[in-house]
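K.L.:
Below is one structure. I have some questions about it.
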Amino acid sequence: MTQPARVLGPVPSPASARAVMERLAAQLGRAVQGKPEEVRRVVTCVVAGGHLLLEDMPGVGKTTLAEALARACALSFARIQFTADLLPADILGAQVFHAQTATFSFRPGPLFRQLVLADELNRAPPRTQSALLEGMAQGQVSLDGQTHALPSPFTVVATQNPVDFSGTYPLPDSQLDRFLVRLSLGHPAPDVEARLLTTRGAASPLPSVEAVTGPEELASLREFTQDVKLDATVADYVVRLARATREHGDLERGASTRAVLALGSAARAQALWEGRDFVTPGDVRAMMVPCWAHRVLLRSAVQGVSARDEAAHLVEEIARKVAAPR
Amino acid sequence: MKRPLRLRLALRDLAVGFAFAAMAMSGQLPVWVLGVFIGALVLALCDVRLVARFSRLSALGLLVAAVLLGLQLTAGAMNAVVAACAFASLIAAQRMLSTPDAAAEGQTHLTGLLMVAGGAALSGDMTYALCLIAFGVLASLALALGVVEAAVPDGEPVPVRAVLRPLSVGVMFAVAGAVAFFVLFPRLNWAMVGPRSAPGFGAVSSAGYSNTVRLGGAGTIKGNPRVVLRATLTPDPGREALDAYWVGRTYDTFDGMEWTNVVGAQQTERQITLRPASDTLLHQRIELLPAYGARTLIALETPSRLGNAMAHTPTGTRNSPVQLQGGGEVRFTVTAPSYTYEAYSLPPDAKKGMSDGLVQAERDQLLALPEHLDARVAQLAAQVLQGEKEPLAAARKLATFLQRDYGYTLEQAGTPEDPLAEFLFVRKAGHCEHFATALTLMLRTQGIGARLATGFYGGARMDGGYLVRAGDAHAWTHVLVPGRGFVTVDATPPSNRTSQGSVLLEKVLALYEAVESRWRNSVVDYSFRDQFELASALVRPPRRAPGAPANEGPSRLPPPRAWVTAAVVAFVIWRAGRFVSRWTGRAPVLEATRFLDRVDTALQKAHVPRFEHETLEDLTTRLAREGHPLALALTPLTRRYLEARFGGRALREGEAEHLLATLRRALDAEASRRAVKPAGQAGPTARAS
């Protein structure tokens, strides 16, 4: 045998991967009701190994979603509330002096968890944001000349309020580009809201969420996702889509190479929903708006929700116009 | 409306420009049409659509032009083909300058085609072929770009580069294929149907050898560098420039204005003997080119025998009898753009003691003077000669006098009453015809017999032979010397005898003539017989040289040439096969795509509602979401297509048919289900857009 046997359980198949994802989605659906599409996107993002940016009003279940995800995947979890006075050391950790032994030792900050919820990320100063950036990009943290590896799998779910801009530091484009997927949950449908009132009241839905997978399975699932076949014509399609965003008259800046790669891995994870081990143009189109809408820069000066909507609209339009391979 | 692609418009306008050039090369279009079209082309290429706002006004202008052309046509001032061509150019100009919408596009290309056809009617030159190819290539590119442009949605860039390259390759293949078709397949030349003007830049009927000598008018021919004659001489003189006289005909009667001939005996033969041959004859093999534009045979002075003439017509080469006319002129009896023939001439020193062979009437004519000859001519001659009576010495004396005291000029404004007196006593400058006429008549006034000879002077070395240009046309004097016959004396200053054109232009023209002659031989006059000869030359063994040892018995094997040809053909087929198989190498992908096409066709036939740009994958997802009954049949089919196309699992033998059959059954069931339902509840059947 030239191929080393996988250590982590049975070799995943598209069908088993799909089963895990369905289970995860079912658990998340308990916490966030009436949003099956968004929940699936979250699962896709996590399986693709990306970080998630939730952009929404307060009180629509962002935090609940993140916590539910941690529970369903049995990941270690930390919630960091980003504020204007938050310092890098507050999230990364610090060297602590032990008076008894007269030595320094590293005390890891809240970032050293498998799933980190960075709540209201845009309230923290850029310095703190960029500390998070390194962790997200490299999966490690450098502190006082020492490199500390973050736990695996490591996922950041960041939230920001798209309406209230006072006292915020908008995320730089480089940082936005680190998030694989941007989602907004939006308000639940009226009937869902009514049902929530009658059944649950103010009680947290989190205890009902069960762990349906573990960090090891998630890691092997991510590995399997990387092996999903992406045909040359589909790759060409992705590149053509990217070029179309770059050449679009209403876009100041189109999709970057990182965005192209991101869409590739998101589409791979998306393919698993159908139990396929290959990507179709439909997978690419399905993930295009969540993957790219936050990465393109509009020429117009609109901001906030309308900018988000317009970007999504433009990306959708491009997805419609560029001919898919036949 | 979206803005059309600038490149495409430029290609279209250039194509039309070349179509126009195909006609303009004939030189028969009126100058104003030329001006209007070139102006319009320049404006169109600068993207100035001038008529866009005044389309009605310009249409009126076209109407006026049509009336004008019609008037010219009815007045007989213009040929119908030329008028049609001119009108086509005007329409093209108007269309090029109007708003580039779909209608204008089509009309512009159509007028381009009309102009190309007109060009074919007006000329059959190599330049025409080049213009035709340029028009074909550019118009194809412009049209194809138009198709691509229409397929690209609004606001998106047209992939010009990606499109142009394969397009150019395709057009190149098409041109190569056309050439191969031309060479390989029996063909008909529509030039067989009717006569066509001789090829070349502009009308050439006046460029070469003229049939009369009339004093007055400018000698523009001296500046014409076109080659009219090519000759191979045996023995080869080997000199760079030949200072020889090529005589075409002689004239003995002058009426004060024009030279004519007393018509002598006429005879039509395969070969004409003008003078008895001597031991040393100069053999010439002469080719008269289309620019010559006359039927008179030319030979070096003094011709003895002319014959073996071949006329090269568009329908092939054939023998042409030759006819002897007055003034020692020999003519072809067949009209053709070009001829070849052989001539034998006596060397200059071989005429001693030879009789001139003239009858008395002809001898008298050599002394005839025009009725109203200016008396000063005789006085001047007598004054110059001062009693010199020996014909040759007298002629040389007069020639020297003329060369010394008279200037050479091609400018001859106006038509004087008495051109000779005007030359001798007023302007004191003229060209070869003036000098030769003056010398001839001055000699006659002194009782010395002389006549005018016309033809060419000179000859430039080219490829082992000599070529003579239209500008080398010349006139000189033959003096009758008792006991020696006619002796050539040239009164024109020596430096002005040959062509007066620019040297560079002559070189360029010589190159052009060489290429064009090859073109004419291997393309325009390329006939079925040539094709047959080419084919047989490939397989037939070369003729055995006389005297070579005979082979022992006829060989049963094909000759080596046949083997080589077969090998070349086999190689070409093999390469083509490789090329094709490389394309079919993408079979799995193409097969899935073909399958998709069939599914699409089936769905379209069944009027399954579908959005624009909706792929099969999208459609299936949507139908599944809507709970549509077709989704059941479509889902496995779509999955299989996606697997085959993007998952690397090709369709198995017969699988596509099986899936399609299932789909058709489902579609039929769906159709009958809908038919049972009342019409109002049939659901959406119209194709969404």
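Each chain in the structure tokens gets a letter, A, B and so on, in the order shown; residues start at 1 in every chain, and ligands are counted from 1 in the order they appear.
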Just want the 10 Å neighbourhood of His613 (chain B), counted on only C-alpha atoms, with same-chain residues fewer than 4 positions away dropped. Output as a list of chain:residue names.
P.N.:
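After dropping sequence-adjacent residues, the list is A:Ala319, A:Arg320, A:Lys321, A:Val322, A:Ala323, A:Ala324, B:Asp618, B:Ser689.
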K.L.:
Quick one: write out the picked residues with N, CA, C and O atoms as a PDB file, in the first residue's frame?
P.N.:
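What landed in part36.pdb:
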ATOM      1  N   ALA A 319     -23.268  36.436 -13.169  1.00  0.00           N
ATOM      2  CA  ALA A 319     -23.461  34.981 -13.186  1.00  0.00           C
ATOM      3  C   ALA A 319     -24.466  34.585 -14.253  1.00  0.00           C
ATOM      4  O   ALA A 319     -24.339  33.543 -14.889  1.00  0.00           O
ATOM      5  N   ARG A 320     -25.460  35.445 -14.455  1.00  0.00           N
ATOM      6  CA  ARG A 320     -26.469  35.151 -15.475  1.00  0.00           C
ATOM      7  C   ARG A 320     -25.905  35.311 -16.874  1.00  0.00           C
ATOM      8  O   ARG A 320     -26.234  34.568 -17.785  1.00  0.00           O
ATOM      9  N   LYS A 321     -25.064  36.321 -17.034  1.00  0.00           N
ATOM     10  CA  LYS A 321     -24.643  36.683 -18.389  1.00  0.00           C
ATOM     11  C   LYS A 321     -23.530  35.795 -18.947  1.00  0.00           C
ATOM     12  O   LYS A 321     -23.501  35.497 -20.131  1.00  0.00           O
ATOM     13  N   VAL A 322     -22.575  35.440 -18.090  1.00  0.00           N
ATOM     14  CA  VAL A 322     -21.439  34.663 -18.600  1.00  0.00           C
ATOM     15  C   VAL A 322     -21.930  33.243 -18.909  1.00  0.00           C
ATOM     16  O   VAL A 322     -22.513  32.595 -18.047  1.00  0.00           O
ATOM     17  N   ALA A 323     -21.682  32.837 -20.134  1.00  0.00           N
ATOM     18  CA  ALA A 323     -22.201  31.540 -20.566  1.00  0.00           C
ATOM     19  C   ALA A 323     -21.503  30.403 -19.826  1.00  0.00           C
ATOM     20  O   ALA A 323     -20.273  30.368 -19.760  1.00  0.00           O
ATOM     21  N   ALA A 324     -22.303  29.500 -19.270  1.00  0.00           N
ATOM     22  CA  ALA A 324     -21.741  28.347 -18.564  1.00  0.00           C
ATOM     23  C   ALA A 324     -21.239  27.326 -19.589  1.00  0.00           C
ATOM     24  O   ALA A 324     -21.762  27.269 -20.700  1.00  0.00           O
TER      25      ALA A 324
ATOM     26  N   ASP B 618     -29.935  24.168 -13.918  1.00  0.00           N
ATOM     27  CA  ASP B 618     -30.825  25.135 -13.275  1.00  0.00           C
ATOM     28  C   ASP B 618     -32.284  24.730 -13.464  1.00  0.00           C
ATOM     29  O   ASP B 618     -33.089  24.812 -12.532  1.00  0.00           O
ATOM     30  N   SER B 689     -38.939  34.601 -21.430  1.00  0.00           N
ATOM     31  CA  SER B 689     -37.726  35.244 -21.954  1.00  0.00           C
ATOM     32  C   SER B 689     -37.170  36.216 -20.932  1.00  0.00           C
ATOM     33  O   SER B 689     -37.858  36.652 -20.040  1.00  0.00           O
TER      34      SER B 689
END
K.L.:
Might you pull out every residue within 9 Å of Leu143 (chain A), with only C-alpha atoms counted and same-chain residues fewer than 2 positions away left off, and present them as a list of chain:residue names?
P.N.:
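Selected residues are A:Ala89, A:Leu92, A:Gly93, A:Ala94, A:Gln95, A:Val141, A:Gly145, A:Gln146, A:Thr147, A:His148.
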K.L.:
Just to be explicit: take each residue in the selection above, keep N, CA, C and O atoms, and write the result as a PDB file, in the first residue's frame.
P.N.:
ATOM      1  N   ALA A  89      -3.734  41.954  22.554  1.00  0.00           N
ATOM      2  CA  ALA A  89      -3.419  40.991  23.602  1.00  0.00           C
ATOM      3  C   ALA A  89      -4.685  40.408  24.217  1.00  0.00           C
ATOM      4  O   ALA A  89      -4.677  39.280  24.714  1.00  0.00           O
ATOM      5  N   LEU A  92      -5.402  37.612  21.684  1.00  0.00           N
ATOM      6  CA  LEU A  92      -4.349  36.648  21.381  1.00  0.00           C
ATOM      7  C   LEU A  92      -3.828  35.957  22.628  1.00  0.00           C
ATOM      8  O   LEU A  92      -3.403  34.811  22.597  1.00  0.00           O
ATOM      9  N   GLY A  93      -3.805  36.680  23.766  1.00  0.00           N
ATOM     10  CA  GLY A  93      -3.200  36.148  24.974  1.00  0.00           C
ATOM     11  C   GLY A  93      -1.932  36.923  25.298  1.00  0.00           C
ATOM     12  O   GLY A  93      -1.562  37.853  24.550  1.00  0.00           O
ATOM     13  N   ALA A  94      -1.246  36.591  26.370  1.00  0.00           N
ATOM     14  CA  ALA A  94      -0.073  37.367  26.769  1.00  0.00           C
ATOM     15  C   ALA A  94       0.893  36.493  27.540  1.00  0.00           C
ATOM     16  O   ALA A  94       0.541  35.412  28.007  1.00  0.00           O
ATOM     17  N   GLN A  95       2.126  36.996  27.647  1.00  0.00           N
ATOM     18  CA  GLN A  95       3.117  36.327  28.488  1.00  0.00           C
ATOM     19  C   GLN A  95       2.829  36.732  29.938  1.00  0.00           C
ATOM     20  O   GLN A  95       2.764  37.913  30.265  1.00  0.00           O
ATOM     21  N   VAL A 141      -0.500  32.294  15.500  1.00  0.00           N
ATOM     22  CA  VAL A 141      -0.382  33.631  16.080  1.00  0.00           C
ATOM     23  C   VAL A 141       1.070  33.856  16.447  1.00  0.00           C
ATOM     24  O   VAL A 141       1.719  32.976  17.019  1.00  0.00           O
ATOM     25  N   GLY A 145       7.827  37.180  19.251  1.00  0.00           N
ATOM     26  CA  GLY A 145       8.801  36.365  18.518  1.00  0.00           C
ATOM     27  C   GLY A 145       8.489  34.882  18.533  1.00  0.00           C
ATOM     28  O   GLY A 145       9.225  34.086  17.969  1.00  0.00           O
ATOM     29  N   GLN A 146       7.410  34.526  19.219  1.00  0.00           N
ATOM     30  CA  GLN A 146       7.073  33.105  19.263  1.00  0.00           C
ATOM     31  C   GLN A 146       5.816  32.850  18.449  1.00  0.00           C
ATOM     32  O   GLN A 146       4.904  33.674  18.424  1.00  0.00           O
ATOM     33  N   THR A 147       5.777  31.724  17.805  1.00  0.00           N
ATOM     34  CA  THR A 147       4.608  31.384  16.989  1.00  0.00           C
ATOM     35  C   THR A 147       3.797  30.330  17.723  1.00  0.00           C
ATOM     36  O   THR A 147       4.332  29.313  18.158  1.00  0.00           O
ATOM     37  N   HIS A 148       2.542  30.628  17.867  1.00  0.00           N
ATOM     38  CA  HIS A 148       1.666  29.681  18.541  1.00  0.00           C
ATOM     39  C   HIS A 148       0.617  29.212  17.551  1.00  0.00           C
ATOM     40  O   HIS A 148      -0.084  30.040  16.971  1.00  0.00           O
TER      41      HIS A 148
END
K.L.:
Could you pull the residues within 12 Å of Leu130 (chain B), counting only C-alpha atoms, minus those fewer than 5 positions along the same chain, as a list in words?
P.N.:
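Those residues are Ala15, Phe18, Ala19, Ala21, Ala22, Met23, Met25, Val116, Gly119, Ala120, Gly124, Asp125, Phe135, Gly136, Val137, Val175, Glu516 and Trp519 of chain B.
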K.L.:
Export C-alpha atoms of the chosen residues as an mmCIF file, in the first residue's frame?
P.N.:
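Result went into result.cif, see below:
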data_model
loop_
_atom_site.group_PDB
_atom_site.id
_atom_site.type_symbol
_atom_site.label_atom_id
_atom_site.label_comp_id
_atom_site.auth_asym_id
_atom_site.auth_seq_id
_atom_site.Cartn_x
_atom_site.Cartn_y
_atom_site.Cartn_z
ATOM 1 C CA ALA B 15 -13.532 45.511 -47.405
ATOM 2 C CA PHE B 18 -11.013 46.916 -51.702
ATOM 3 C CA ALA B 19 -14.175 46.037 -53.597
ATOM 4 C CA ALA B 21 -10.410 49.192 -55.808
ATOM 5 C CA ALA B 22 -11.238 46.052 -57.781
ATOM 6 C CA MET B 23 -13.288 48.250 -60.074
ATOM 7 C CA MET B 25 -8.115 49.397 -61.128
ATOM 8 C CA VAL B 116 -16.544 43.153 -56.920
ATOM 9 C CA GLY B 119 -14.685 44.857 -61.132
ATOM 10 C CA ALA B 120 -14.754 41.376 -62.648
ATOM 11 C CA GLY B 124 -9.263 40.469 -65.057
ATOM 12 C CA ASP B 125 -6.010 41.636 -63.700
ATOM 13 C CA PHE B 135 -12.526 42.060 -49.910
ATOM 14 C CA GLY B 136 -13.406 38.436 -49.200
ATOM 15 C CA VAL B 137 -11.163 38.210 -46.145
ATOM 16 C CA VAL B 175 -8.644 31.055 -49.363
ATOM 17 C CA GLU B 516 1.791 39.720 -63.579
ATOM 18 C CA TRP B 519 -0.089 35.453 -62.855
#
K.L.:
Please report, as a Markdown table, each residue of region 137-224 of chain A lying at most 10 Å from region 49-65 of chain A, together with the nearest pair of atoms and the separation in Å rounded to one decimal; use only C-alpha atoms, and order rows by chain and ascending residue number.
P.N.:
| residue | atom | partner | partner_atom | distance |
| --- | --- | --- | --- | --- |
| A:Ala137 | CA | A:His51 | CA | 9.6 |
| A:Pro153 | CA | A:Gly49 | CA | 8.0 |
| A:Phe154 | CA | A:Gly49 | CA | 8.3 |
| A:Thr155 | CA | A:His51 | CA | 5.5 |
| A:Val156 | CA | A:His51 | CA | 5.0 |
| A:Val157 | CA | A:Leu52 | CA | 4.7 |
| A:Ala158 | CA | A:Leu53 | CA | 4.8 |
| A:Thr159 | CA | A:Leu54 | CA | 4.5 |
| A:Gln160 | CA | A:Glu55 | CA | 5.0 |
| A:Asn161 | CA | A:Asp56 | CA | 5.3 |
| A:Pro162 | CA | A:Glu55 | CA | 6.1 |
| A:Val163 | CA | A:Met57 | CA | 7.4 |
| A:Asp164 | CA | A:Met57 | CA | 8.8 |
| A:Leu176 | CA | A:Leu53 | CA | 8.4 |
| A:Arg178 | CA | A:His51 | CA | 7.2 |
| A:Phe179 | CA | A:His51 | CA | 4.9 |
| A:Leu180 | CA | A:Gly50 | CA | 5.0 |
| A:Val181 | CA | A:Leu52 | CA | 5.2 |
| A:Arg182 | CA | A:Leu53 | CA | 4.6 |
| A:Leu183 | CA | A:Leu54 | CA | 5.0 |
| A:Ser184 | CA | A:Glu55 | CA | 5.0 |
| A:Leu185 | CA | A:Asp56 | CA | 6.6 |
| A:Gly186 | CA | A:Val60 | CA | 6.5 |
| A:His187 | CA | A:Val60 | CA | 6.0 |
| A:Pro188 | CA | A:Val60 | CA | 7.6 |
| A:Ser204 | CA | A:Thr64 | CA | 8.4 |
| A:Pro205 | CA | A:Thr64 | CA | 8.1 |
| A:Leu206 | CA | A:Thr64 | CA | 7.1 |
| A:Leu218 | CA | A:Gly49 | CA | 9.1 |
| A:Ala219 | CA | A:Gly49 | CA | 8.5 |
| A:Leu221 | CA | A:Gly49 | CA | 9.3 |
| A:Arg222 | CA | A:Gly49 | CA | 6.1 |
| A:Glu223 | CA | A:Gly49 | CA | 8.9 |
K.L.:
Hey, can you check how far CA of His628 (chain B) sits from CA of His607 (chain B)?
P.N.:
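So the two atoms, CA of His628 (chain B) and CA of His607 (chain B), lie 14.1 Å apart.
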K.L.:
Give the answer as one residue: which of B:Val16, B:Gly326, B:Ala460, B:Val158 has the shortest atom-to-atom distance to chain A, using only C-alpha atoms?
P.N.:
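For chain A, the nearest of the candidates is B:Val158.
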K.L.:
Just the residues within 9 Å of Glu217 (chain A), please, counting only C-alpha atoms, with nothing from its chain fewer than 2 positions along; format it as a list in words.
P.N.:
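So the residues in contact are Leu8, Gly9, Val20, Cys73, Thr213, Gly214, Pro215, Ala219, Ser220, Leu221 and Arg222 of chain A.
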K.L.:
Store the residues picked out above, limited to N, CA and C atoms, as a CSV table (one decimal), in the first residue's frame.
P.N.:
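Wrote it out as out-v8.csv, contents follow:
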chain,number,residue,atom,x,y,z
A,8,LEU,N,-8.5,8.9,10.7
A,8,LEU,CA,-9.8,9.3,11.3
A,8,LEU,C,-11.0,8.6,10.7
A,9,GLY,N,-11.3,7.5,11.3
A,9,GLY,CA,-12.6,6.8,10.9
A,9,GLY,C,-12.6,6.3,9.5
A,20,VAL,N,-23.4,14.0,6.8
A,20,VAL,CA,-22.9,14.8,7.9
A,20,VAL,C,-23.4,16.2,7.7
A,73,CYS,N,-20.8,20.9,16.2
A,73,CYS,CA,-19.6,20.3,15.7
A,73,CYS,C,-18.7,19.9,16.9
A,213,THR,N,-21.3,15.9,15.0
A,213,THR,CA,-20.0,15.6,14.4
A,213,THR,C,-18.9,16.1,15.3
A,214,GLY,N,-17.7,15.7,15.1
A,214,GLY,CA,-16.6,16.2,16.0
A,214,GLY,C,-15.5,16.9,15.1
A,215,PRO,N,-14.6,17.5,15.8
A,215,PRO,CA,-13.5,18.2,15.1
A,215,PRO,C,-12.8,17.3,14.2
A,219,ALA,N,-12.5,17.9,10.2
A,219,ALA,CA,-11.2,18.0,9.5
A,219,ALA,C,-11.1,17.1,8.3
A,220,SER,N,-11.5,15.8,8.5
A,220,SER,CA,-11.4,14.9,7.4
A,220,SER,C,-12.4,15.3,6.3
A,221,LEU,N,-13.5,15.9,6.7
A,221,LEU,CA,-14.5,16.3,5.7
A,221,LEU,C,-13.9,17.5,4.9
A,222,ARG,N,-13.2,18.3,5.6
A,222,ARG,CA,-12.5,19.4,4.9
A,222,ARG,C,-11.5,18.9,3.9
K.L.:
Report as JSON, numbers by chain the set of chain B residues whose atoms approach chain A to within 7 Å, with distances computed over only C-alpha atoms.
P.N.:
{"B": [593, 613, 617, 618, 642, 646, 647]}
K.L.:
Give me, as a short mmCIF file (atom, residue, chain, number, x, y, z; two decimals) with N, CA and C atoms, in the first residue's frame, the residues of region 14-64 of chain A that a backbone DSSP run labels strand (DSSP E or B).
P.N.:
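Wrote result.cif, looks like this:
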data_model
loop_
_atom_site.label_atom_id
_atom_site.label_comp_id
_atom_site.auth_asym_id
_atom_site.auth_seq_id
_atom_site.Cartn_x
_atom_site.Cartn_y
_atom_site.Cartn_z
N HIS A 51 -13.84 31.10 6.69
CA HIS A 51 -14.38 31.90 7.78
C HIS A 51 -15.65 32.59 7.30
N LEU A 52 -16.50 32.88 8.26
CA LEU A 52 -17.84 33.35 7.91
C LEU A 52 -18.04 34.76 8.43
N LEU A 53 -18.61 35.62 7.59
CA LEU A 53 -18.94 36.97 8.03
C LEU A 53 -20.45 37.11 8.00
N LEU A 54 -21.02 37.40 9.17
CA LEU A 54 -22.47 37.60 9.25
C LEU A 54 -22.72 39.08 9.36
N GLU A 55 -23.49 39.58 8.46
CA GLU A 55 -23.75 41.02 8.46
C GLU A 55 -25.23 41.21 8.70
#
K.L.:
Would you work out the distance separating CA of Pro419 (chain B) from CA of Gly328 (chain B), expressed in Å to one decimal?
P.N.:
25.9 Å
K.L.:
So that I can see what lies close to Ala262 (chain A), please list as JSON, numbers by chain the residues with an atom at most 8 Å from it, counting only C-alpha atoms and leaving out residues fewer than 3 positions away in the same chain.
P.N.:
{"A": [180, 258, 259, 265, 266, 291]}
